[in-house]
>>> print(open('my_file35.cif').read())   # mmCIF, C-alpha atoms and all ligand atoms
data_target
loop_
_atom_site.label_atom_id
_atom_site.label_comp_id
_atom_site.auth_asym_id
_atom_site.auth_seq_id
_atom_site.Cartn_x
_atom_site.Cartn_y
_atom_site.Cartn_z
CA MET A 1 24.95 -9.92 -68.29
CA ASN A 2 23.45 -12.00 -71.09
CA SER A 3 20.18 -13.84 -70.85
CA ILE A 4 21.82 -17.18 -69.93
CA GLN A 5 23.72 -15.52 -67.06
CA ARG A 6 20.51 -13.85 -65.93
CA TYR A 7 18.73 -17.18 -66.13
CA ASN A 8 21.45 -18.95 -64.14
CA ARG A 9 21.53 -16.25 -61.51
CA HIS A 10 17.75 -16.41 -61.28
CA LYS A 11 17.87 -20.22 -61.00
CA CYS A 12 20.54 -19.91 -58.32
CA LYS A 13 18.30 -17.54 -56.35
CA ILE A 14 15.40 -19.95 -56.60
CA ILE A 15 17.56 -22.84 -55.40
CA THR A 16 18.89 -20.74 -52.51
CA VAL A 17 15.41 -19.72 -51.47
CA PHE A 18 14.29 -23.35 -51.77
CA TRP A 19 17.03 -24.53 -49.41
CA LEU A 20 16.43 -21.66 -47.05
CA ILE A 21 12.80 -22.72 -46.81
CA VAL A 22 13.78 -26.35 -46.26
CA ILE A 23 16.33 -25.42 -43.59
CA LEU A 24 14.00 -23.03 -41.84
CA GLN A 25 11.03 -25.37 -42.01
CA ILE A 26 12.77 -28.13 -40.01
CA PRO A 27 13.12 -26.30 -36.71
CA ILE A 28 9.70 -24.71 -37.18
CA GLN A 29 8.10 -28.12 -37.65
CA CYS A 30 9.77 -29.39 -34.51
CA GLU A 31 8.64 -26.39 -32.51
CA GLN A 32 5.08 -26.78 -33.74
CA ASN A 33 5.08 -30.45 -32.77
CA ASN A 34 6.37 -29.51 -29.39
CA LYS A 35 3.55 -27.06 -28.73
CA SER A 36 1.05 -28.75 -30.97
CA ASP A 37 -2.12 -26.96 -31.98
CA GLN A 38 -2.11 -24.41 -29.26
CA ILE A 39 -5.31 -22.51 -29.00
CA GLY A 40 -4.58 -19.07 -30.33
CA GLY A 41 -1.71 -20.50 -32.32
CA SER A 42 0.99 -18.27 -30.82
CA ASP A 43 4.06 -19.53 -29.03
CA LEU A 44 2.36 -18.82 -25.74
CA THR A 45 0.07 -21.33 -24.10
CA PHE A 46 -3.51 -20.24 -23.51
CA VAL A 47 -2.79 -19.61 -19.84
CA GLU A 48 0.45 -17.77 -20.57
CA GLU A 49 -1.57 -15.51 -22.82
CA HIS A 50 -4.43 -14.89 -20.39
CA GLY A 51 -2.82 -15.37 -16.97
CA ASN A 52 -4.59 -14.93 -13.68
CA LEU A 53 -8.35 -14.61 -13.94
CA THR A 54 -10.15 -12.02 -11.88
CA VAL A 55 -13.71 -10.92 -11.39
CA SER A 56 -14.60 -7.42 -12.50
CA GLY A 57 -18.26 -6.54 -12.03
CA ASN A 58 -20.28 -9.39 -13.53
CA ARG A 59 -17.49 -10.55 -15.82
CA ILE A 60 -14.36 -12.68 -15.53
CA ILE A 61 -11.40 -10.91 -17.06
CA ASP A 62 -7.88 -12.00 -17.96
CA GLN A 63 -4.52 -10.48 -17.09
CA ASN A 64 -4.90 -8.03 -19.99
CA GLY A 65 -8.16 -6.74 -18.59
CA ASP A 66 -10.25 -8.34 -21.34
CA PRO A 67 -13.36 -10.42 -20.62
CA ILE A 68 -12.61 -14.09 -21.16
CA VAL A 69 -14.88 -17.04 -21.94
CA LEU A 70 -13.53 -20.50 -21.18
CA ARG A 71 -15.16 -23.44 -22.95
CA GLY A 72 -14.39 -27.02 -22.07
CA MET A 73 -15.41 -30.30 -20.53
CA SER A 74 -16.07 -31.59 -17.06
CA LEU A 75 -14.73 -34.99 -16.20
CA PHE A 76 -17.19 -37.37 -14.48
CA TRP A 77 -17.14 -38.23 -10.75
CA SER A 78 -13.55 -39.23 -10.02
CA GLN A 79 -14.42 -42.36 -8.02
CA TRP A 80 -16.37 -43.83 -10.94
CA MET A 81 -14.53 -42.53 -14.03
CA GLY A 82 -10.98 -42.18 -12.77
CA LYS A 83 -9.64 -43.71 -15.97
CA TYR A 84 -10.06 -40.37 -17.79
CA TYR A 85 -8.02 -38.50 -15.17
CA ASN A 86 -4.74 -38.80 -17.07
CA TYR A 87 -2.35 -36.64 -19.07
CA ASN A 88 -3.08 -38.14 -22.51
CA CYS A 89 -6.81 -37.63 -22.13
CA ILE A 90 -6.36 -33.99 -21.07
CA LYS A 91 -3.92 -33.40 -23.91
CA TRP A 92 -6.44 -34.80 -26.40
CA LEU A 93 -9.14 -32.54 -24.95
CA ARG A 94 -6.83 -29.57 -25.50
CA ASP A 95 -5.47 -30.52 -28.93
CA ASP A 96 -8.47 -32.13 -30.61
CA TRP A 97 -11.46 -30.70 -28.73
CA LYS A 98 -9.74 -27.29 -28.26
CA CYS A 99 -10.74 -27.15 -24.59
CA THR A 100 -9.32 -24.18 -22.72
CA VAL A 101 -10.56 -25.54 -19.39
CA VAL A 102 -11.09 -28.98 -17.88
CA ARG A 103 -13.02 -29.64 -14.68
CA ALA A 104 -11.77 -32.32 -12.32
CA ALA A 105 -14.86 -33.46 -10.39
CA MET A 106 -13.64 -35.06 -7.20
CA GLY A 107 -16.43 -37.21 -5.80
CA ILE A 108 -16.74 -36.71 -2.05
CA GLU A 109 -19.51 -39.04 -0.85
CA SER A 110 -20.43 -42.46 -2.29
CA GLY A 111 -16.97 -43.97 -2.09
CA GLY A 112 -15.14 -40.77 -3.01
CA TYR A 113 -12.71 -38.56 -1.09
CA LEU A 114 -14.26 -39.13 2.35
CA ASN A 115 -13.44 -42.83 2.06
CA ASN A 116 -10.26 -42.66 -0.04
CA PRO A 117 -8.71 -39.22 0.36
CA ALA A 118 -5.23 -40.10 -0.89
CA SER A 119 -6.26 -41.91 -4.06
CA GLU A 120 -8.99 -39.44 -5.02
CA LYS A 121 -6.72 -36.44 -4.40
CA ALA A 122 -4.02 -38.12 -6.51
CA LYS A 123 -6.40 -38.20 -9.50
CA ILE A 124 -7.11 -34.48 -9.12
CA VAL A 125 -3.42 -33.67 -8.80
CA THR A 126 -2.72 -35.61 -12.01
CA VAL A 127 -5.24 -33.45 -13.86
CA ILE A 128 -3.98 -30.21 -12.28
CA GLU A 129 -0.40 -31.00 -13.29
CA ALA A 130 -1.48 -31.99 -16.81
CA CYS A 131 -3.36 -28.71 -17.23
CA ILE A 132 -0.41 -26.69 -15.94
CA ASP A 133 1.89 -28.49 -18.34
CA LEU A 134 -0.53 -28.08 -21.25
CA GLY A 135 -1.28 -24.43 -20.50
CA ILE A 136 -5.04 -24.63 -19.95
CA TYR A 137 -7.24 -23.81 -16.96
CA VAL A 138 -8.39 -26.47 -14.50
CA ILE A 139 -11.36 -26.38 -12.15
CA VAL A 140 -10.73 -28.24 -8.91
CA ASP A 141 -14.29 -29.26 -8.07
CA TRP A 142 -15.41 -30.45 -4.63
CA HIS A 143 -18.14 -32.59 -6.20
CA ASP A 144 -20.52 -32.85 -3.31
CA HIS A 145 -24.20 -32.23 -2.52
CA ASN A 146 -23.59 -31.92 1.23
CA ALA A 147 -20.30 -30.07 1.47
CA HIS A 148 -21.53 -28.04 4.48
CA GLU A 149 -21.41 -31.34 6.38
CA HIS A 150 -17.79 -31.89 5.29
CA GLN A 151 -16.37 -28.44 5.97
CA ALA A 152 -13.25 -29.56 7.83
CA GLN A 153 -12.31 -32.00 5.06
CA ALA A 154 -12.94 -29.38 2.37
CA ILE A 155 -10.76 -26.82 4.16
CA ALA A 156 -7.94 -29.32 4.61
CA PHE A 157 -8.10 -30.37 0.96
CA PHE A 158 -8.27 -26.87 -0.51
CA GLN A 159 -5.48 -25.64 1.74
CA GLU A 160 -3.25 -28.41 0.41
CA ILE A 161 -4.15 -27.53 -3.18
CA ALA A 162 -3.68 -23.79 -2.56
CA THR A 163 -0.28 -24.43 -0.98
CA ASP A 164 0.97 -26.58 -3.84
CA TYR A 165 -0.75 -24.93 -6.82
CA GLY A 166 -2.12 -21.54 -5.77
CA ALA A 167 0.75 -19.78 -7.48
CA TYR A 168 -0.34 -21.17 -10.87
CA PRO A 169 -2.91 -19.04 -12.70
CA ASN A 170 -4.32 -22.26 -14.19
CA VAL A 171 -6.12 -23.23 -11.00
CA ILE A 172 -9.78 -22.39 -10.34
CA TYR A 173 -11.29 -23.63 -7.09
CA GLU A 174 -14.90 -24.83 -7.05
CA VAL A 175 -15.69 -25.35 -3.41
CA PHE A 176 -19.25 -26.72 -3.51
CA ASN A 177 -20.53 -28.30 -6.70
CA GLU A 178 -24.27 -28.45 -6.09
CA PRO A 179 -25.89 -27.65 -2.78
CA GLU A 180 -29.41 -29.05 -2.52
CA GLN A 181 -32.28 -26.98 -1.16
CA ASP A 182 -30.27 -25.49 1.67
CA ASN A 183 -30.70 -21.95 2.91
CA TRP A 184 -28.22 -19.55 1.33
CA LYS A 185 -27.77 -17.28 4.30
CA SER A 186 -27.88 -19.68 7.24
CA VAL A 187 -26.37 -22.87 5.78
CA LEU A 188 -24.41 -22.22 2.61
CA LYS A 189 -22.78 -18.84 3.24
CA PRO A 190 -21.17 -19.87 6.53
CA TYR A 191 -19.58 -22.89 4.79
CA LEU A 192 -18.52 -20.87 1.74
CA ASN A 193 -17.06 -18.06 3.85
CA ALA A 194 -15.03 -20.55 5.89
CA VAL A 195 -13.63 -22.41 2.89
CA VAL A 196 -12.98 -19.26 0.84
CA ASP A 197 -11.20 -17.61 3.76
CA SER A 198 -9.07 -20.71 4.28
CA ILE A 199 -8.00 -20.63 0.63
CA ARG A 200 -7.42 -16.86 0.68
CA ALA A 201 -5.13 -17.26 3.70
CA ILE A 202 -2.76 -19.11 1.36
CA ASP A 203 -3.69 -18.02 -2.16
CA PRO A 204 -4.78 -14.39 -2.28
CA ASP A 205 -5.90 -14.23 -5.86
CA ASN A 206 -7.02 -17.28 -7.87
CA LEU A 207 -10.63 -17.45 -9.01
CA ILE A 208 -13.03 -19.28 -6.67
CA VAL A 209 -16.42 -20.56 -7.85
CA VAL A 210 -19.08 -21.11 -5.21
CA GLY A 211 -22.19 -23.27 -5.50
CA THR A 212 -25.64 -21.76 -5.21
CA PRO A 213 -28.89 -23.13 -3.72
CA THR A 214 -31.05 -25.72 -5.49
CA TRP A 215 -28.33 -27.61 -7.37
CA SER A 216 -26.62 -24.35 -8.37
CA GLN A 217 -29.64 -22.73 -9.95
CA ASP A 218 -30.59 -19.98 -7.48
CA VAL A 219 -27.92 -17.53 -8.56
CA ASP A 220 -30.50 -14.75 -8.13
CA VAL A 221 -30.75 -15.57 -4.41
CA ALA A 222 -26.97 -15.51 -4.06
CA SER A 223 -26.78 -12.20 -5.94
CA GLN A 224 -29.01 -10.52 -3.36
CA ASN A 225 -26.56 -11.36 -0.61
CA PRO A 226 -23.19 -12.13 -2.19
CA LEU A 227 -19.91 -13.03 -0.52
CA THR A 228 -17.58 -10.13 0.18
CA GLN A 229 -14.23 -11.75 -0.68
CA ASN A 230 -12.41 -10.95 -3.94
CA ASN A 231 -12.53 -12.95 -7.18
CA ILE A 232 -15.65 -14.96 -6.50
CA ALA A 233 -17.82 -16.33 -9.30
CA TYR A 234 -21.10 -18.19 -8.77
CA ALA A 235 -21.95 -21.59 -10.20
CA LEU A 236 -24.94 -21.84 -12.53
CA HIS A 237 -25.94 -25.35 -13.62
CA PHE A 238 -28.58 -26.41 -16.12
CA TYR A 239 -29.78 -29.45 -18.02
CA ALA A 240 -31.26 -28.18 -21.26
CA ALA A 241 -33.98 -30.81 -21.72
CA TYR A 242 -35.41 -30.38 -18.22
CA GLN A 243 -38.56 -28.24 -18.18
CA TYR A 244 -37.45 -26.02 -15.27
CA HIS A 245 -34.04 -25.27 -16.79
CA LYS A 246 -35.17 -23.17 -19.73
CA GLN A 247 -36.07 -19.47 -20.03
CA THR A 248 -37.08 -19.18 -16.35
CA LEU A 249 -33.59 -20.24 -15.33
CA ARG A 250 -32.01 -17.86 -17.85
CA ASN A 251 -34.13 -15.13 -16.28
CA LYS A 252 -32.66 -15.98 -12.87
CA ALA A 253 -29.20 -15.76 -14.41
CA SER A 254 -30.01 -12.35 -15.92
CA THR A 255 -31.21 -11.12 -12.53
CA ALA A 256 -27.97 -12.28 -10.95
CA LEU A 257 -25.87 -10.57 -13.64
CA ASN A 258 -27.91 -7.39 -13.26
CA ASN A 259 -27.24 -7.53 -9.53
CA GLY A 260 -23.54 -7.51 -10.37
CA ILE A 261 -22.23 -11.01 -9.72
CA ALA A 262 -20.17 -13.09 -12.18
CA LEU A 263 -21.44 -16.51 -13.22
CA PHE A 264 -19.60 -19.64 -14.32
CA VAL A 265 -21.47 -22.61 -15.78
CA THR A 266 -19.13 -25.20 -14.33
CA GLU A 267 -21.52 -27.95 -15.38
CA PHE A 268 -24.40 -28.33 -17.81
CA GLY A 269 -26.00 -31.09 -19.84
CA THR A 270 -27.76 -31.22 -23.19
CA VAL A 271 -30.20 -33.73 -21.67
CA MET A 272 -32.42 -34.21 -18.59
CA ASN A 273 -31.29 -33.31 -15.09
CA THR A 274 -30.82 -37.03 -14.45
CA GLY A 275 -27.93 -36.96 -16.93
CA ASP A 276 -29.99 -39.16 -19.23
CA GLY A 277 -32.96 -38.95 -21.59
CA PRO A 278 -33.38 -37.16 -24.90
CA ILE A 279 -31.03 -34.41 -26.08
CA ASP A 280 -32.60 -30.97 -26.51
CA THR A 281 -30.46 -29.38 -29.21
CA ALA A 282 -32.72 -26.35 -29.69
CA GLU A 283 -32.64 -25.43 -26.00
CA THR A 284 -28.90 -26.13 -25.86
CA ARG A 285 -28.48 -23.61 -28.65
CA LEU A 286 -30.53 -21.00 -26.75
CA TRP A 287 -28.28 -21.56 -23.74
CA MET A 288 -25.17 -21.28 -25.90
CA ASN A 289 -26.35 -17.96 -27.27
CA PHE A 290 -27.16 -16.78 -23.75
CA MET A 291 -23.73 -17.77 -22.41
CA GLU A 292 -21.90 -16.28 -25.38
CA SER A 293 -23.78 -13.00 -25.26
CA ASN A 294 -23.16 -12.69 -21.52
CA GLN A 295 -19.53 -13.93 -21.75
CA ILE A 296 -20.15 -16.81 -19.36
CA SER A 297 -17.58 -19.61 -19.27
CA TRP A 298 -18.77 -23.19 -19.35
CA CYS A 299 -17.95 -26.86 -18.97
CA ASN A 300 -20.15 -29.63 -20.32
CA TRP A 301 -21.05 -32.74 -18.33
CA SER A 302 -19.20 -35.02 -19.02
CA ILE A 303 -16.19 -36.95 -20.22
CA ALA A 304 -17.41 -40.45 -19.47
CA ASP A 305 -18.20 -43.61 -21.39
CA LYS A 306 -21.18 -44.47 -19.19
CA ASN A 307 -24.25 -45.68 -21.01
CA GLU A 308 -26.27 -42.46 -20.58
CA THR A 309 -26.99 -39.64 -23.00
CA SER A 310 -25.02 -36.92 -21.20
CA ALA A 311 -21.82 -38.97 -21.51
CA ALA A 312 -19.67 -37.57 -24.31
CA LEU A 313 -18.14 -40.95 -25.11
CA LYS A 314 -19.55 -44.30 -26.09
CA PRO A 315 -18.93 -47.32 -23.84
CA GLY A 316 -15.39 -48.56 -24.20
CA ALA A 317 -13.90 -45.33 -25.59
CA SER A 318 -10.18 -45.22 -24.85
CA ALA A 319 -9.01 -43.70 -21.56
CA ASN A 320 -6.22 -41.90 -23.43
CA GLY A 321 -8.15 -39.77 -25.94
CA GLY A 322 -7.66 -40.31 -29.67
CA TRP A 323 -11.42 -40.76 -30.06
CA SER A 324 -12.83 -41.07 -33.56
CA ALA A 325 -16.29 -39.66 -34.32
CA SER A 326 -17.74 -43.17 -34.00
CA GLU A 327 -16.58 -43.31 -30.36
CA ILE A 328 -18.23 -39.98 -29.46
CA THR A 329 -21.93 -39.76 -28.57
CA GLU A 330 -24.49 -37.42 -30.11
CA SER A 331 -24.12 -35.05 -27.16
CA GLY A 332 -20.34 -35.29 -27.31
CA LEU A 333 -20.25 -34.40 -31.01
CA LEU A 334 -22.62 -31.47 -30.52
CA ILE A 335 -20.57 -30.06 -27.65
CA ARG A 336 -17.19 -30.73 -29.24
CA ASP A 337 -18.38 -28.65 -32.18
CA TYR A 338 -19.44 -25.80 -29.87
CA ILE A 339 -16.10 -25.89 -28.07
CA ILE A 340 -14.07 -25.85 -31.28
CA ARG A 341 -16.12 -23.09 -32.86
CA GLY A 342 -16.19 -21.01 -29.72
CA ASN A 343 -12.53 -21.37 -28.89
CA THR A 344 -11.14 -20.98 -32.40
CA LYS A 345 -13.33 -17.99 -33.19
CA GLN A 346 -10.50 -16.22 -31.45
CA PRO A 347 -7.65 -15.62 -33.92
CA ASN A 348 -6.48 -19.06 -34.93
CA LEU A 349 -3.16 -18.00 -36.29
CA VAL A 350 -0.23 -20.05 -37.42
CA THR A 351 3.10 -18.52 -38.33
CA LYS A 352 3.87 -20.23 -41.59
CA THR A 353 7.55 -19.41 -41.93
CA ARG A 354 10.13 -17.15 -40.47
CA LEU A 355 11.07 -15.60 -43.83
CA ILE A 356 10.23 -11.94 -43.55
CA PRO A 357 8.09 -10.73 -46.45
CA ASP A 358 9.01 -7.67 -48.54
CA GLY A 359 5.74 -5.83 -48.13
CA PHE A 360 2.25 -5.89 -46.67
CA ALA A 361 -0.01 -8.38 -48.39
CA LEU A 362 -3.44 -9.88 -48.03
CA ALA A 363 -3.86 -12.97 -50.20
CA GLN A 364 -7.17 -13.85 -51.82
CA ASN A 365 -8.93 -16.18 -49.40
CA TYR A 366 -8.87 -19.87 -50.28
CA PRO A 367 -11.13 -21.44 -51.26
CA ASN A 368 -13.25 -18.69 -52.80
CA PRO A 369 -16.15 -19.02 -53.29
CA PHE A 370 -16.49 -21.13 -50.18
CA ASN A 371 -19.19 -22.93 -48.30
CA SER A 372 -18.35 -23.04 -44.61
CA SER A 373 -14.77 -22.04 -43.94
CA THR A 374 -12.01 -20.26 -45.79
CA GLN A 375 -8.35 -19.60 -45.15
CA ILE A 376 -7.00 -16.06 -45.02
CA SER A 377 -3.28 -15.26 -45.21
CA PHE A 378 -1.48 -12.00 -44.71
CA GLU A 379 2.10 -10.78 -44.59
CA LEU A 380 3.82 -8.14 -42.51
CA PRO A 381 7.29 -6.82 -43.38
CA VAL A 382 7.50 -5.11 -39.98
CA SER A 383 5.67 -5.39 -36.69
CA ALA A 384 2.13 -4.06 -37.07
CA GLY A 385 -1.21 -3.78 -35.35
CA VAL A 386 -3.50 -5.80 -37.58
CA ASN A 387 -7.24 -5.50 -37.83
CA LEU A 388 -8.94 -7.99 -40.11
CA GLY A 389 -12.65 -7.29 -40.36
CA VAL A 390 -15.42 -8.79 -42.44
CA TYR A 391 -18.10 -6.37 -43.66
CA ASP A 392 -21.28 -6.80 -45.63
CA LEU A 393 -21.79 -4.74 -48.81
CA ARG A 394 -23.55 -2.02 -46.82
CA GLY A 395 -20.47 -1.60 -44.68
CA ASN A 396 -21.80 -3.27 -41.52
CA LEU A 397 -19.15 -5.09 -39.55
CA ILE A 398 -20.00 -8.80 -39.48
CA CYS A 399 -17.07 -9.99 -37.40
CA THR A 400 -13.51 -9.18 -36.45
CA LEU A 401 -11.20 -12.07 -37.24
CA VAL A 402 -8.00 -10.52 -35.91
CA ASN A 403 -7.23 -7.46 -33.81
CA LYS A 404 -3.75 -7.71 -32.42
CA VAL A 405 -0.14 -6.62 -32.80
CA PHE A 406 2.11 -9.13 -34.58
CA PRO A 407 5.82 -9.26 -35.29
CA ALA A 408 6.91 -9.29 -38.94
CA GLY A 409 6.01 -12.58 -40.61
CA ARG A 410 3.47 -14.53 -42.60
CA TYR A 411 0.21 -15.48 -40.92
CA GLN A 412 -2.86 -17.49 -41.62
CA THR A 413 -6.29 -17.61 -40.04
CA THR A 414 -9.62 -19.23 -40.83
CA TRP A 415 -13.08 -17.73 -41.09
CA GLU A 416 -15.65 -20.30 -39.97
CA THR A 417 -19.12 -19.28 -41.08
CA ASN A 418 -21.34 -22.17 -40.11
CA GLY A 419 -20.72 -21.98 -36.39
CA ALA A 420 -23.72 -22.98 -34.36
CA ILE A 421 -22.99 -19.89 -32.29
CA ASP A 422 -23.08 -17.33 -35.06
CA GLU A 423 -24.19 -18.61 -38.41
CA ILE A 424 -23.42 -16.31 -41.35
CA ALA A 425 -25.82 -16.02 -44.30
CA GLY A 426 -24.61 -16.61 -47.86
CA GLY A 427 -23.53 -13.61 -49.96
CA VAL A 428 -20.62 -11.39 -50.89
CA TYR A 429 -18.54 -9.92 -48.08
CA ILE A 430 -15.61 -7.54 -47.97
CA LEU A 431 -12.55 -8.56 -46.03
CA GLN A 432 -10.66 -5.48 -44.89
CA PHE A 433 -7.07 -5.67 -43.73
CA LEU A 434 -5.70 -2.69 -41.82
CA ALA A 435 -2.10 -2.72 -40.64
CA ASP A 436 -0.74 0.09 -38.48
CA SER A 437 3.03 0.20 -38.31
CA GLU A 438 5.97 2.59 -38.17
CA ILE A 439 5.66 2.78 -41.99
CA GLY A 440 2.11 4.08 -41.74
CA THR A 441 -1.30 2.53 -42.28
CA THR A 442 -1.85 -0.03 -45.01
CA GLN A 443 -5.32 -0.96 -46.15
CA ILE A 444 -6.15 -3.87 -48.47
CA SER A 445 -9.56 -5.32 -49.26
CA ARG A 446 -10.73 -8.56 -50.81
CA LYS A 447 -14.14 -9.82 -51.86
CA LEU A 448 -15.25 -13.09 -50.29
CA SER A 449 -18.12 -15.14 -51.74
CA LEU A 450 -19.95 -17.32 -49.27
CA ILE A 451 -22.25 -19.81 -51.01
CA LYS A 452 -24.80 -21.64 -48.88
MG MG B 501 -2.62 -17.48 -6.71
#
>>> encode(input="my_file35.cif", output="structure tokens")
Amino acid sequence: MNSIQRYNRHKCKIITVFWLIVILQIPIQCEQNNKSDQIGGSDLTFVEEHGNLTVSGNRIIDQNGDPIVLRGMSLFWSQWMGKYYNYNCIKWLRDDWKCTVVRAAMGIESGGYLNNPASEKAKIVTVIEACIDLGIYVIVDWHDHNAHEHQAQAIAFFQEIATDYGAYPNVIYEVFNEPEQDNWKSVLKPYLNAVVDSIRAIDPDNLIVVGTPTWSQDVDVASQNPLTQNNIAYALHFYAAYQYHKQTLRNKASTALNNGIALFVTEFGTVMNTGDGPIDTAETRLWMNFMESNQISWCNWSIADKNETSAALKPGASANGGWSASEITESGLLIRDYIIRGNTKQPNLVTKTRLIPDGFALAQNYPNPFNSSTQISFELPVSAGVNLGVYDLRGNLICTLVNKVFPAGRYQTTWETNGAIDEIAGGVYILQFLADSEIGTTQISRKLSLIK
């Protein structure tokens, strides 16, 4: 074969590969559009990946037995902000805000469910069905301060929800948003036992969150005399700028955890307990660190365009999502950032193409040096268990980006280093790729330069 023949054959190969890529890209593009931006990036939805949630000791664990932290947004009282109870809004919260959970806060008093049961329930059902379709978790919140006075209505409502949706792992019941200063043992527990038992008669397994005394702060009191049913978590609420919701409240939470109950922050604000007033970003950060280190799931209050500082949206923001930064409030931007960083700290992988590579590879990260985030790509010729760890020069593990088994393929993930949750200092780091497969163990390292 002369050089021209070799050239032509080579050119032919290039053209063939080009068309193969074009042909293969088309269906892949369509599939990605179909399941756009799924958290975790696999073909499974977040709920398909994590399944039914259960309580194990003081943690909530997923179907694989791993502790799970859900991060997302609470909608505002349904009777006053019903416009955000729609599919497009929930889809935007999943795709753009990366929420893995949304809380549907059904107002009970003040013109809510007690007055208009059918229309208020319909809003909640819309959100439940959207979350099931979109593959995220949904908290069905009986948003009431006097639920013990509405026990019959609560039982009827939750039995309907359990009957229709109890088979879906997406659903989390929250049966009493915020009791006031009622006695745990004599007032709250009898109500909670009755409602929990009525749900368990229909749905034996889905997670139930119960309110705790003093607007869901006295989790320590509840932990001294917990409910005996299975899969119960306890609501902890805080408003970071309020003087009584700081370290003393975190101490109560630590007591409760030490006593062995699981907590769920179904609602918190960055502002005062009135839902208004100045934002306390420093205290919010302390709370974030506390929740992350104790693997506590959370929802922020709230998706609303009300003119108050806890509202995540500015007045007039669209009911259907699609919000630009200028339509999001200071609190909304702060929390959106926490949600994205928290939820994409999990492997944020995208299969780039279905062409199977010839060998194991770890590309140099791009960009490098980098300032806040960098893309990392690797290739697997066969199925392999991949561990992608970042180490400092002394060999200390800084973080694990990926630890999972993947089919053969090309993958990409991102290392975010300026997360408010775990900020990484500037310097040189070693990225170590370990792939365990039937071929053996492959190890590749790269140097990453983070410049701050
Ligand atoms: Mg169930």
>>> closest_atom_pairs(input="my_file35.cif", of="chain A", to="ligand MG 501 (chain B)", cutoff="9 Å", atoms="all atoms listed in the file", output="CSV")
residue,atom,partner,partner_atom,distance
A:Asn52,CA,B:MG501,MG,7.7
A:Ala162,CA,B:MG501,MG,7.6
A:Tyr165,CA,B:MG501,MG,7.7
A:Gly166,CA,B:MG501,MG,4.2
A:Ala167,CA,B:MG501,MG,4.2
A:Tyr168,CA,B:MG501,MG,6.0
A:Pro169,CA,B:MG501,MG,6.2
A:Val171,CA,B:MG501,MG,8.0
A:Arg200,CA,B:MG501,MG,8.8
A:Ile202,CA,B:MG501,MG,8.2
A:Asp203,CA,B:MG501,MG,4.7
A:Pro204,CA,B:MG501,MG,5.8
A:Asp205,CA,B:MG501,MG,4.7
A:Asn206,CA,B:MG501,MG,4.6
A:Leu207,CA,B:MG501,MG,8.3
>>> residues_near_point(input="my_file35.cif", point="(-25.3, -14.8, -22.0)", cutoff="12 Å", atoms="all atoms listed in the file", output="ChimeraX atom specification")
/A:58-59,69,236,247,249-258,262-265,285-298,421
>>> residues_around(input="my_file35.cif", residues="Trp142 in chain A", least_positions_apart="3", cutoff="12 Å", atoms="only C-alpha atoms", output="ChimeraX atom specification")
/A:77-78,103-109,112-114,120-121,124,139,145-148,150-151,153-158,161,172-179,192,195,208-211,266
>>> atom_distance(input="my_file35.cif", atom1="CA of Ala363 in chain A", atom2="CA of Gly426 in chain A")
21.2 Å
>>> closest_residue(input="my_file35.cif", among="A:Asp392, A:Tyr411, A:Ser223, A:Leu362", to="Gln443 in chain A", atoms="only C-alpha atoms")
A:Leu362
>>> atom_distance(input="my_file35.cif", atom1="CA of Pro407 in chain A", atom2="CA of Asn64 in chain A")
18.7 Å
>>> closest_residue(input="my_file35.cif", among="A:Met81, A:Asn300, A:Asn170, A:Leu313", to="Glu49 in chain A", atoms="only C-alpha atoms")
A:Asn170
>>> closest_residue(input="my_file35.cif", among="A:Arg336, A:Lys91, A:Lys98, A:Lys83", to="Lys123 in chain A", atoms="only C-alpha atoms")
A:Lys83
>>> closest_residue(input="my_file35.cif", among="A:Ala312, A:Leu44, A:Ile199, A:Ile232", to="Gly275 in chain A", atoms="only C-alpha atoms")
A:Ala312
>>> atom_distance(input="my_file35.cif", atom1="CA of Glu48 in chain A", atom2="CA of Arg94 in chain A")
14.7 Å
